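Coordinates as given in run.tsv (TSV, C-alpha atoms):
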```
chain	number	residue	atom	x	y	z
O	1246	MET	CA	82.08	174.71	85.00
O	1247	LEU	CA	84.00	171.44	84.91
O	1248	PRO	CA	83.49	169.04	87.80
O	1249	ASN	CA	85.91	168.83	90.68
O	1250	PHE	CA	86.82	165.31	91.77
O	1251	SER	CA	89.08	166.31	94.67
O	1252	HIS	CA	86.64	164.76	97.18
O	1253	LEU	CA	85.78	161.62	95.20
O	1254	PHE	CA	85.97	158.52	97.44
O	1255	PRO	CA	87.14	160.47	100.52
O	1256	GLN	CA	87.88	157.26	102.46
O	1257	LEU	CA	90.50	156.20	99.89
O	1258	PRO	CA	94.02	157.66	99.53
O	1259	ASP	CA	95.44	159.19	96.35
O	1260	HIS	CA	97.60	156.14	95.63
O	1261	SER	CA	94.49	153.94	95.22
O	1262	ARG	CA	94.35	152.10	91.91
O	1263	VAL	CA	91.57	153.13	89.49
O	1264	TRP	CA	89.72	151.43	86.63
O	1265	LEU	CA	87.54	153.40	84.21
O	1266	PHE	CA	84.78	152.14	81.90
O	1267	LEU	CA	83.21	154.66	79.50
O	1268	GLY	CA	79.72	153.97	78.18
O	1269	GLU	CA	78.82	154.69	74.57
O	1270	ARG	CA	75.93	156.89	75.70
O	1271	GLN	CA	74.60	158.59	78.81
O	1272	LEU	CA	72.29	156.51	80.92
O	1273	ASP	CA	68.85	157.85	81.70
O	1274	ASP	CA	68.02	158.44	85.38
O	1275	THR	CA	66.45	154.99	85.88
O	1276	GLU	CA	69.43	153.24	84.27
O	1277	ALA	CA	71.88	155.38	86.24
O	1278	HIS	CA	70.16	154.56	89.54
O	1279	PHE	CA	70.15	150.84	88.66
O	1280	THR	CA	73.85	151.02	87.71
O	1281	GLN	CA	74.82	152.88	90.87
O	1282	GLU	CA	73.01	150.27	92.99
O	1283	LYS	CA	74.82	147.43	91.17
O	1284	ILE	CA	78.17	149.19	91.64
O	1285	ALA	CA	77.53	149.74	95.37
O	1286	LEU	CA	76.49	146.12	95.87
O	1287	PHE	CA	79.54	144.88	93.96
O	1288	VAL	CA	82.14	146.98	95.81
O	1289	SER	CA	80.62	146.12	99.20
O	1290	GLY	CA	81.51	142.47	98.58
O	1291	TRP	CA	84.58	142.87	96.35
O	1292	THR	CA	87.37	140.54	97.45
O	1293	ALA	CA	90.80	139.31	96.42
O	1294	HIS	CA	91.74	135.82	97.60
O	1295	ASN	CA	88.80	135.90	100.04
O	1296	LYS	CA	90.02	139.14	101.63
O	1297	ALA	CA	87.85	142.24	101.45
O	1298	LEU	CA	89.17	145.03	99.25
O	1299	HIS	CA	89.15	148.57	100.60
O	1300	ALA	CA	87.29	149.84	97.54
O	1301	ASP	CA	84.62	152.10	96.18
O	1302	GLY	CA	82.90	152.74	92.89
O	1303	THR	CA	80.55	155.18	91.24
O	1304	LEU	CA	79.01	156.36	88.01
O	1305	LEU	CA	80.18	159.76	86.75
O	1306	PHE	CA	78.22	161.85	84.24
O	1307	ASN	CA	75.71	158.95	83.98
O	1308	GLN	CA	78.28	157.44	81.61
O	1309	TYR	CA	81.61	156.61	83.28
O	1310	ILE	CA	81.96	153.71	85.72
O	1311	VAL	CA	84.87	154.17	88.12
O	1312	PHE	CA	86.28	151.61	90.57
O	1313	ALA	CA	89.06	152.37	93.06
O	1314	VAL	CA	91.02	150.09	95.41
O	1315	ASP	CA	93.53	150.98	98.13
O	1316	GLU	CA	96.13	148.36	97.30
O	1317	GLU	CA	98.17	149.13	100.42
O	1318	VAL	CA	95.37	147.46	102.39
O	1319	GLU	CA	94.91	144.53	99.98
O	1320	LYS	CA	96.07	144.23	96.37
O	1321	ALA	CA	93.51	143.58	93.67
O	1322	SER	CA	94.24	140.19	92.13
O	1323	GLY	CA	93.68	139.11	88.56
O	1324	CYS	CA	90.52	137.31	89.64
O	1325	SER	CA	89.21	140.36	91.51
O	1326	ILE	CA	89.87	142.59	88.50
O	1327	ASP	CA	88.11	140.02	86.32
O	1328	SER	CA	85.10	140.20	88.64
O	1329	ALA	CA	84.94	143.98	88.12
O	1330	VAL	CA	85.07	143.47	84.37
O	1331	ARG	CA	82.30	140.85	84.65
O	1332	ILE	CA	79.99	143.24	86.54
O	1333	VAL	CA	80.55	145.90	83.86
O	1334	LYS	CA	79.91	143.33	81.11
O	1335	SER	CA	76.73	142.32	82.91
O	1336	LEU	CA	75.61	145.94	83.05
O	1337	SER	CA	76.48	146.28	79.36
O	1338	GLN	CA	74.16	143.41	78.51
O	1339	GLU	CA	71.36	144.44	80.87
O	1340	LEU	CA	71.37	148.06	79.65
O	1341	ASN	CA	72.34	147.40	76.03
O	1342	ILE	CA	75.36	149.70	76.22
O	1343	ASP	CA	79.04	149.18	75.39
O	1344	PHE	CA	81.45	150.15	78.20
O	1345	PHE	CA	84.49	148.75	76.39
O	1346	ASN	CA	85.00	150.94	73.29
O	1347	ARG	CA	88.46	152.41	73.85
O	1348	LEU	CA	88.29	154.48	70.65
O	1349	LYS	CA	85.98	157.05	72.26
O	1350	VAL	CA	86.70	159.62	74.95
O	1351	LEU	CA	84.54	161.89	77.06
O	1352	SER	CA	85.20	165.45	75.95
O	1353	PHE	CA	84.09	168.69	77.56
O	1354	ALA	CA	83.28	171.22	74.88
O	1355	ASN	CA	81.57	174.17	76.60
O	1356	ASP	CA	81.92	172.29	79.93
O	1357	GLU	CA	79.32	169.73	78.83
O	1358	PRO	CA	80.33	166.07	78.54
O	1359	GLN	CA	80.08	164.58	75.08
O	1360	LEU	CA	81.36	161.32	73.66
O	1361	ILE	CA	83.68	161.77	70.69
O	1362	SER	CA	86.32	159.74	68.93
O	1363	TYR	CA	89.84	160.00	70.28
O	1364	HIS	CA	90.92	161.09	66.80
O	1365	ASP	CA	88.45	164.03	66.83
O	1366	ALA	CA	89.53	165.09	70.32
O	1367	THR	CA	93.16	165.25	69.32
O	1368	ASN	CA	92.53	166.89	65.92
O	1369	GLN	CA	90.21	169.53	67.37
O	1370	GLN	CA	92.36	169.94	70.50
O	1371	LEU	CA	89.40	169.41	72.83
O	1372	PRO	CA	89.92	168.67	76.53
O	1373	PHE	CA	88.86	165.17	77.57
O	1374	LEU	CA	88.89	162.83	80.54
O	1375	ASN	CA	92.20	161.01	80.43
O	1376	PRO	CA	91.35	157.33	79.83
O	1377	LEU	CA	94.84	156.27	80.99
O	1378	ILE	CA	94.39	157.40	84.59
O	1379	SER	CA	95.59	154.67	86.93
O	1380	SER	CA	95.43	156.29	90.38
O	1381	LEU	CA	92.79	158.09	92.37
O	1382	GLY	CA	95.17	161.02	92.85
O	1383	GLU	CA	95.32	161.48	89.09
O	1384	LEU	CA	91.53	161.37	88.87
O	1385	ARG	CA	91.18	163.86	91.71
O	1386	ASN	CA	93.82	166.32	90.56
O	1387	SER	CA	94.65	165.98	86.87
O	1388	TRP	CA	91.79	164.13	85.21
O	1389	MET	CA	91.47	166.50	82.27
O	1390	LEU	CA	93.82	166.00	79.35
O	1391	ASN	CA	94.36	168.97	77.07
O	1392	VAL	CA	95.76	168.11	73.67
O	1393	LYS	CA	98.03	170.73	72.20
```

Could you quickly redo this structure as structure tokens?
Amino acid sequence: MLPNFSHLFPQLPDHSRVWLFLGERQLDDTEAHFTQEKIALFVSGWTAHNKALHADGTLLFNQYIVFAVDEEVEKASGCSIDSAVRIVKSLSQELNIDFFNRLKVLSFANDEPQLISYHDATNQQLPFLNPLISSLGELRNSWMLNVK
């Protein structure tokens, strides 16, 4: 059964802005725990122009880093977005994993996540996590993209 994200980040509204970073492989349990701790530490101090962002982050499927910010409280600035990218780059280096390959998608053949090329997903008409999601509402309610 495919996951349900309707309760992801319950303290944030649907209009919250979202950033997604897909890893080239699943992290093992130790790496996933390390990554989740780094994400939690980062979002607890995430700021824009010295103002705290109302934000959260997590690791999905031991492979997908997700950050969300309620921009009605405080907008994420270019510098704050850059800081999120830097933490993901740091994790990439520490764990020897690429989170920036936009030619791959996370597909769900037989309800199991698997990394495949975007080309294969569209040619085989496999459902996959929409990498163009920009709001938490989209992630909660319509995260799966079916190519037909």

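Residues within 9 Å of range 1327-1335 of chain O, counting only C-alpha atoms and excluding same-chain residues fewer than 5 positions away, are Trp1264, Phe1266, Lys1283, Ile1284, Phe1287, Val1288, Trp1291, Ile1310, Phe1312, Ser1322, Leu1340, Asp1343, Phe1344 and Phe1345 of chain O.
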
Item to check | One-decimal distance in Å that lies between CA of Gly1302 in chain O and CA of Leu1381 in chain O | outcome: 11.3 Å

Checklist entry - Which residues, written as a PyMOL selection string, have at least one atom at most 12 Å from Leu1272 in chain O, with all atoms listed in the file counted and residues fewer than 2 positions away on the same chain left out? => result chain O and resi 1267-1270+1274-1281+1304-1310+1336-1337+1340-1344

Counting only C-alpha atoms, what is within 9 Å of range 1350-1358 of chain O, bar same-chain residues fewer than 5 positions away, as a JSON list (two decimals) with C-alpha atoms, keeping the file's coordinate frame?
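selection.json written:
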```json
[["chain", "number", "residue", "atom", "x", "y", "z"],
["O", 1246, "MET", "CA", 82.08, 174.71, 85.00],
["O", 1247, "LEU", "CA", 84.00, 171.44, 84.91],
["O", 1248, "PRO", "CA", 83.49, 169.04, 87.80],
["O", 1267, "LEU", "CA", 83.21, 154.66, 79.50],
["O", 1306, "PHE", "CA", 78.22, 161.85, 84.24],
["O", 1308, "GLN", "CA", 78.28, 157.44, 81.61],
["O", 1309, "TYR", "CA", 81.61, 156.61, 83.28],
["O", 1363, "TYR", "CA", 89.84, 160.00, 70.28],
["O", 1366, "ALA", "CA", 89.53, 165.09, 70.32],
["O", 1371, "LEU", "CA", 89.40, 169.41, 72.83],
["O", 1372, "PRO", "CA", 89.92, 168.67, 76.53],
["O", 1373, "PHE", "CA", 88.86, 165.17, 77.57],
["O", 1374, "LEU", "CA", 88.89, 162.83, 80.54],
["O", 1375, "ASN", "CA", 92.20, 161.01, 80.43],
["O", 1376, "PRO", "CA", 91.35, 157.33, 79.83],
["O", 1389, "MET", "CA", 91.47, 166.50, 82.27]]
```

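The space between CA of Ser1380 in chain O and CA of Glu1317 in chain O spans 12.6 Å.
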
Item to check | Straight-line distance linking CA of Val1318 in chain O with CA of Pro1255 in chain O, stated in Å to one decimal | outcome: 15.5 Å

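Near Ala1293 in chain O, within 9 Å and counting all atoms listed in the file, sit O:Lys1296, O:Ala1297, O:Leu1298, O:Glu1319, O:Lys1320, O:Ala1321, O:Ser1322, O:Gly1323, O:Cys1324, O:Ser1325, O:Ile1326, not including residues fewer than 3 positions from it in the same chain.
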
Checklist entry - Got a sec: who's within 7 Å of Val1314 in chain O, counting only C-alpha atoms, leaving out chain neighbours fewer than 6 positions off, as JSON, numbers by chain? => result {"O": [1261, 1262, 1263, 1298, 1299, 1300, 1301]}

Export, as a PDB file, in the frame of the given file, the selected residues with C-alpha atoms.
```pdb
ATOM      1  CA  SER O1261      94.490 153.940  95.220  1.00  0.00           C
ATOM      2  CA  ARG O1262      94.350 152.100  91.910  1.00  0.00           C
ATOM      3  CA  VAL O1263      91.570 153.130  89.490  1.00  0.00           C
ATOM      4  CA  LEU O1298      89.170 145.030  99.250  1.00  0.00           C
ATOM      5  CA  HIS O1299      89.150 148.570 100.600  1.00  0.00           C
ATOM      6  CA  ALA O1300      87.290 149.840  97.540  1.00  0.00           C
ATOM      7  CA  ASP O1301      84.620 152.100  96.180  1.00  0.00           C
TER       8      ASP O1301
END
```
